[in-house]
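*Asks:* Next comes target_15.txt, compact mmCIF, N, CA and C atoms:
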# COMPACT_ATOMS: atom_id res chain seq x y z
N MET A 1340 -60.83 -85.38 -41.11
CA MET A 1340 -59.89 -84.52 -41.82
C MET A 1340 -58.75 -84.15 -40.88
N PHE A 1341 -57.55 -84.15 -41.40
CA PHE A 1341 -56.35 -83.81 -40.64
C PHE A 1341 -56.26 -82.31 -40.41
N MET A 1342 -56.02 -81.93 -39.16
CA MET A 1342 -55.85 -80.52 -38.85
C MET A 1342 -54.49 -80.33 -38.20
N LYS A 1343 -53.73 -79.36 -38.67
CA LYS A 1343 -52.41 -79.09 -38.11
C LYS A 1343 -52.56 -78.73 -36.63
N LYS A 1344 -51.60 -79.14 -35.85
CA LYS A 1344 -51.57 -78.74 -34.45
C LYS A 1344 -51.27 -77.25 -34.38
N CYS A 1345 -51.60 -76.65 -33.28
CA CYS A 1345 -51.38 -75.20 -33.13
C CYS A 1345 -49.90 -74.83 -33.28
N GLU A 1346 -49.00 -75.66 -32.79
CA GLU A 1346 -47.57 -75.36 -32.92
C GLU A 1346 -47.16 -75.32 -34.38
N GLU A 1347 -47.66 -76.27 -35.15
CA GLU A 1347 -47.35 -76.32 -36.58
C GLU A 1347 -47.97 -75.12 -37.30
N ALA A 1348 -49.20 -74.78 -36.91
CA ALA A 1348 -49.87 -73.63 -37.52
C ALA A 1348 -49.09 -72.35 -37.22
N ALA A 1349 -48.62 -72.20 -35.99
CA ALA A 1349 -47.84 -71.01 -35.62
C ALA A 1349 -46.56 -70.92 -36.45
N ARG A 1350 -45.91 -72.07 -36.66
CA ARG A 1350 -44.69 -72.09 -37.47
C ARG A 1350 -44.99 -71.66 -38.91
N LEU A 1351 -46.09 -72.16 -39.45
CA LEU A 1351 -46.46 -71.81 -40.82
C LEU A 1351 -46.86 -70.34 -40.94
N VAL A 1352 -47.54 -69.82 -39.92
CA VAL A 1352 -47.90 -68.40 -39.92
C VAL A 1352 -46.65 -67.54 -40.02
N SER A 1353 -45.63 -67.90 -39.27
CA SER A 1353 -44.38 -67.14 -39.31
C SER A 1353 -43.65 -67.34 -40.63
N GLU A 1354 -43.61 -68.57 -41.11
CA GLU A 1354 -42.86 -68.87 -42.33
C GLU A 1354 -43.48 -68.25 -43.58
N ARG A 1355 -44.78 -68.03 -43.56
CA ARG A 1355 -45.40 -67.50 -44.78
C ARG A 1355 -44.93 -66.09 -45.12
N HIS A 1356 -44.28 -65.44 -44.17
CA HIS A 1356 -43.70 -64.12 -44.45
C HIS A 1356 -42.31 -64.24 -45.06
N ASP A 1357 -41.72 -65.41 -44.94
CA ASP A 1357 -40.35 -65.62 -45.44
C ASP A 1357 -40.30 -66.41 -46.74
N ARG A 1358 -41.30 -67.22 -46.98
CA ARG A 1358 -41.30 -68.06 -48.17
C ARG A 1358 -42.74 -68.38 -48.56
N ARG A 1359 -42.89 -68.82 -49.79
CA ARG A 1359 -44.21 -69.23 -50.27
C ARG A 1359 -44.48 -70.64 -49.75
N LEU A 1360 -45.59 -70.80 -49.06
CA LEU A 1360 -45.95 -72.12 -48.53
C LEU A 1360 -46.43 -73.02 -49.66
N SER A 1361 -46.23 -74.31 -49.47
CA SER A 1361 -46.76 -75.27 -50.45
C SER A 1361 -48.29 -75.20 -50.42
N LEU A 1362 -48.90 -75.66 -51.48
CA LEU A 1362 -50.37 -75.66 -51.55
C LEU A 1362 -50.95 -76.47 -50.40
N PHE A 1363 -50.33 -77.60 -50.09
CA PHE A 1363 -50.78 -78.44 -48.98
C PHE A 1363 -50.77 -77.64 -47.67
N ASP A 1364 -49.64 -76.96 -47.39
CA ASP A 1364 -49.52 -76.17 -46.15
C ASP A 1364 -50.52 -75.01 -46.14
N GLN A 1365 -50.71 -74.36 -47.28
CA GLN A 1365 -51.67 -73.24 -47.36
C GLN A 1365 -53.08 -73.70 -47.01
N VAL A 1366 -53.49 -74.82 -47.59
CA VAL A 1366 -54.85 -75.33 -47.36
C VAL A 1366 -55.04 -75.71 -45.90
N HIS A 1367 -54.08 -76.44 -45.35
CA HIS A 1367 -54.23 -76.87 -43.97
C HIS A 1367 -54.11 -75.71 -42.98
N LEU A 1368 -53.29 -74.73 -43.29
CA LEU A 1368 -53.22 -73.56 -42.42
C LEU A 1368 -54.53 -72.79 -42.44
N ARG A 1369 -55.08 -72.60 -43.63
CA ARG A 1369 -56.36 -71.89 -43.73
C ARG A 1369 -57.46 -72.63 -42.97
N LEU A 1370 -57.48 -73.94 -43.08
CA LEU A 1370 -58.47 -74.74 -42.36
C LEU A 1370 -58.28 -74.57 -40.86
N HIS A 1371 -57.04 -74.67 -40.41
CA HIS A 1371 -56.77 -74.53 -38.98
C HIS A 1371 -57.18 -73.14 -38.48
N LEU A 1372 -56.81 -72.10 -39.23
CA LEU A 1372 -57.15 -70.74 -38.82
C LEU A 1372 -58.66 -70.52 -38.81
N ALA A 1373 -59.37 -71.19 -39.70
CA ALA A 1373 -60.83 -71.06 -39.74
C ALA A 1373 -61.46 -71.67 -38.48
N LEU A 1374 -60.81 -72.66 -37.90
CA LEU A 1374 -61.38 -73.36 -36.75
C LEU A 1374 -60.81 -72.94 -35.40
N CYS A 1375 -59.64 -72.31 -35.39
CA CYS A 1375 -58.95 -72.02 -34.12
C CYS A 1375 -58.80 -70.51 -33.94
N PHE A 1376 -59.58 -69.95 -33.02
CA PHE A 1376 -59.55 -68.50 -32.83
C PHE A 1376 -58.23 -68.05 -32.19
N LEU A 1377 -57.59 -68.90 -31.40
CA LEU A 1377 -56.31 -68.52 -30.80
C LEU A 1377 -55.22 -68.37 -31.87
N CYS A 1378 -55.17 -69.30 -32.78
CA CYS A 1378 -54.18 -69.20 -33.87
C CYS A 1378 -54.53 -68.07 -34.83
N ARG A 1379 -55.82 -67.83 -35.02
CA ARG A 1379 -56.25 -66.72 -35.88
C ARG A 1379 -55.77 -65.40 -35.26
N ASN A 1380 -55.91 -65.27 -33.95
CA ASN A 1380 -55.45 -64.07 -33.25
C ASN A 1380 -53.93 -63.95 -33.35
N PHE A 1381 -53.22 -65.06 -33.16
CA PHE A 1381 -51.77 -65.06 -33.29
C PHE A 1381 -51.35 -64.62 -34.69
N ALA A 1382 -52.04 -65.14 -35.70
CA ALA A 1382 -51.73 -64.79 -37.09
C ALA A 1382 -51.91 -63.29 -37.33
N ARG A 1383 -52.97 -62.71 -36.79
CA ARG A 1383 -53.19 -61.26 -36.93
C ARG A 1383 -52.06 -60.48 -36.27
N GLN A 1384 -51.63 -60.94 -35.09
CA GLN A 1384 -50.55 -60.26 -34.38
C GLN A 1384 -49.24 -60.34 -35.16
N ILE A 1385 -48.91 -61.52 -35.67
CA ILE A 1385 -47.69 -61.69 -36.45
C ILE A 1385 -47.74 -60.84 -37.71
N ASP A 1386 -48.89 -60.81 -38.36
CA ASP A 1386 -49.04 -60.00 -39.57
C ASP A 1386 -48.82 -58.52 -39.26
N MET A 1387 -49.32 -58.06 -38.11
CA MET A 1387 -49.14 -56.66 -37.71
C MET A 1387 -47.67 -56.37 -37.41
N VAL A 1388 -47.01 -57.27 -36.71
CA VAL A 1388 -45.59 -57.09 -36.39
C VAL A 1388 -44.77 -57.03 -37.69
N HIS A 1389 -45.08 -57.92 -38.61
CA HIS A 1389 -44.38 -57.94 -39.89
C HIS A 1389 -44.61 -56.63 -40.65
N LYS A 1390 -45.84 -56.19 -40.69
CA LYS A 1390 -46.18 -54.95 -41.39
C LYS A 1390 -45.47 -53.75 -40.75
N LEU A 1391 -45.50 -53.68 -39.42
CA LEU A 1391 -44.85 -52.57 -38.73
C LEU A 1391 -43.34 -52.59 -38.91
N SER A 1392 -42.75 -53.78 -38.83
CA SER A 1392 -41.30 -53.85 -38.97
C SER A 1392 -40.86 -53.43 -40.37
N ARG A 1393 -41.62 -53.81 -41.39
CA ARG A 1393 -41.30 -53.37 -42.74
C ARG A 1393 -41.44 -51.86 -42.86
N ALA A 1394 -42.52 -51.31 -42.31
CA ALA A 1394 -42.75 -49.87 -42.39
C ALA A 1394 -41.69 -49.10 -41.61
N LEU A 1395 -41.32 -49.60 -40.44
CA LEU A 1395 -40.30 -48.92 -39.64
C LEU A 1395 -38.94 -49.00 -40.31
N GLY A 1396 -38.65 -50.09 -40.98
CA GLY A 1396 -37.38 -50.24 -41.68
C GLY A 1396 -37.26 -49.28 -42.85
N GLN A 1397 -38.38 -48.89 -43.42
CA GLN A 1397 -38.37 -47.98 -44.56
C GLN A 1397 -38.39 -46.52 -44.12
N SER A 1398 -38.70 -46.28 -42.86
CA SER A 1398 -38.81 -44.92 -42.35
C SER A 1398 -37.43 -44.36 -42.00
N ASP A 1399 -37.19 -43.09 -42.31
CA ASP A 1399 -35.89 -42.48 -42.08
C ASP A 1399 -35.77 -41.76 -40.75
N SER A 1400 -36.86 -41.28 -40.21
CA SER A 1400 -36.73 -40.47 -39.00
C SER A 1400 -37.39 -41.12 -37.80
N VAL A 1401 -36.84 -40.83 -36.63
CA VAL A 1401 -37.39 -41.34 -35.38
C VAL A 1401 -38.80 -40.78 -35.17
N VAL A 1402 -39.01 -39.55 -35.54
CA VAL A 1402 -40.32 -38.92 -35.38
C VAL A 1402 -41.38 -39.67 -36.18
N SER A 1403 -41.08 -39.99 -37.43
CA SER A 1403 -42.06 -40.69 -38.24
C SER A 1403 -42.28 -42.12 -37.74
N LYS A 1404 -41.24 -42.76 -37.19
CA LYS A 1404 -41.39 -44.10 -36.62
C LYS A 1404 -42.32 -44.03 -35.41
N SER A 1405 -42.12 -43.04 -34.57
CA SER A 1405 -42.97 -42.88 -33.40
C SER A 1405 -44.41 -42.61 -33.81
N ALA A 1406 -44.59 -41.77 -34.80
CA ALA A 1406 -45.94 -41.47 -35.28
C ALA A 1406 -46.61 -42.71 -35.85
N LEU A 1407 -45.85 -43.54 -36.55
CA LEU A 1407 -46.41 -44.77 -37.11
C LEU A 1407 -46.87 -45.70 -35.99
N LEU A 1408 -46.05 -45.86 -34.97
CA LEU A 1408 -46.45 -46.71 -33.85
C LEU A 1408 -47.66 -46.15 -33.12
N ASP A 1409 -47.70 -44.84 -32.93
CA ASP A 1409 -48.85 -44.23 -32.26
C ASP A 1409 -50.13 -44.47 -33.03
N GLN A 1410 -50.08 -44.47 -34.35
CA GLN A 1410 -51.27 -44.68 -35.16
C GLN A 1410 -51.67 -46.15 -35.20
N SER A 1411 -50.73 -47.05 -35.03
CA SER A 1411 -51.01 -48.47 -35.22
C SER A 1411 -51.47 -49.16 -33.95
N LEU A 1412 -51.11 -48.65 -32.79
CA LEU A 1412 -51.47 -49.30 -31.54
C LEU A 1412 -52.65 -48.61 -30.88
N SER A 1413 -53.57 -49.41 -30.39
CA SER A 1413 -54.70 -48.85 -29.67
C SER A 1413 -54.22 -48.40 -28.29
N PRO A 1414 -54.94 -47.49 -27.65
CA PRO A 1414 -54.56 -47.06 -26.30
C PRO A 1414 -54.49 -48.24 -25.33
N GLU A 1415 -55.39 -49.21 -25.49
CA GLU A 1415 -55.39 -50.39 -24.62
C GLU A 1415 -54.10 -51.19 -24.83
N SER A 1416 -53.67 -51.35 -26.06
CA SER A 1416 -52.43 -52.08 -26.36
C SER A 1416 -51.23 -51.36 -25.77
N LYS A 1417 -51.20 -50.04 -25.93
CA LYS A 1417 -50.09 -49.27 -25.37
C LYS A 1417 -50.03 -49.43 -23.86
N SER A 1418 -51.18 -49.38 -23.21
CA SER A 1418 -51.24 -49.52 -21.76
C SER A 1418 -50.75 -50.90 -21.33
N ARG A 1419 -51.15 -51.95 -22.03
CA ARG A 1419 -50.70 -53.31 -21.69
C ARG A 1419 -49.20 -53.44 -21.87
N MET A 1420 -48.66 -52.82 -22.92
CA MET A 1420 -47.22 -52.89 -23.15
C MET A 1420 -46.46 -52.16 -22.06
N LYS A 1421 -46.95 -50.99 -21.66
CA LYS A 1421 -46.31 -50.23 -20.59
C LYS A 1421 -46.32 -51.01 -19.29
N ASP A 1422 -47.46 -51.65 -18.98
CA ASP A 1422 -47.58 -52.46 -17.76
C ASP A 1422 -46.61 -53.63 -17.79
N ALA A 1423 -46.50 -54.29 -18.93
CA ALA A 1423 -45.59 -55.43 -19.06
C ALA A 1423 -44.14 -55.00 -18.89
N LEU A 1424 -43.78 -53.86 -19.48
CA LEU A 1424 -42.42 -53.34 -19.33
C LEU A 1424 -42.12 -52.95 -17.88
N ALA A 1425 -43.11 -52.37 -17.22
CA ALA A 1425 -42.92 -51.96 -15.82
C ALA A 1425 -42.70 -53.19 -14.93
N ARG A 1426 -43.40 -54.29 -15.24
CA ARG A 1426 -43.24 -55.51 -14.45
C ARG A 1426 -41.85 -56.13 -14.65
N GLU A 1427 -41.25 -55.90 -15.80
CA GLU A 1427 -39.93 -56.46 -16.10
C GLU A 1427 -38.82 -55.77 -15.34
N LYS A 1428 -39.03 -54.55 -14.90
CA LYS A 1428 -37.99 -53.77 -14.22
C LYS A 1428 -37.76 -54.25 -12.82
Please re-express this file's structure in structure tokens.
*Replies:*
Amino acid sequence: MFMKKCEEAARLVSERHDRRLSLFDQVHLRLHLALCFLCRNFARQIDMVHKLSRALGQSDSVVSKSALLDQSLSPESKSRMKDALAREK
């Protein structure tokens, strides 16, 4: 059985938020995600980013945006992000 490469799966994961995938692409993406834990993790991350960006775009105040991010990110995630930002400086 043909399985999409990870690069193709990543592209489809991103595109499914912008357009409806063909039935062929949907089936093969689901198969790939069922077999590849790295792409499954990537898909969860992209889905979270998409969800947060939509929610932040609908929010009117900085306070509520900050509160949304605080509720959505685990302390471990926040710590990793802070460390990554500190390394960039």
*Asks:* Could you pull out the helix (DSSP H, G or I) residues of stretch 1347-1378 of chain A from DSSP and send them as a ChimeraX atom specification?
*Replies:* /A:1347-1354,1362-1374,1376-1378
*Asks:* Quick one: pull the distance between atom N of A:His1389 and atom CA of A:Ser1353, Å, one decimal.
*Replies:*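 It comes out at 9.3 Å.
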*Asks:* Which residue gives the smallest distance to A:Leu1374 among A:Lys1344, A:Asp1422, A:Ser1413, A:Leu1362, with only C-alpha atoms counted?
*Replies:*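 Closest to A:Leu1374, using only C-alpha atoms: A:Lys1344.
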*Asks:* Do you have the atom CA of A:Leu1368-atom CA of A:Ala1348 distance handy?
*Replies:*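 Separating atom CA of A:Leu1368 from atom CA of A:Ala1348 is a distance of 5.9 Å.
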*Asks:* How far is it from atom CA of A:Leu1351 to atom CA of A:Arg1393, in Å with one decimal?
*Replies:* 19.2 Å
*Asks:* A:Ile1385: which residues within 8 Å, counting all atoms listed in the file, same-chain residues fewer than 6 positions away excluded, as a count of residues only?
*Replies:* 4
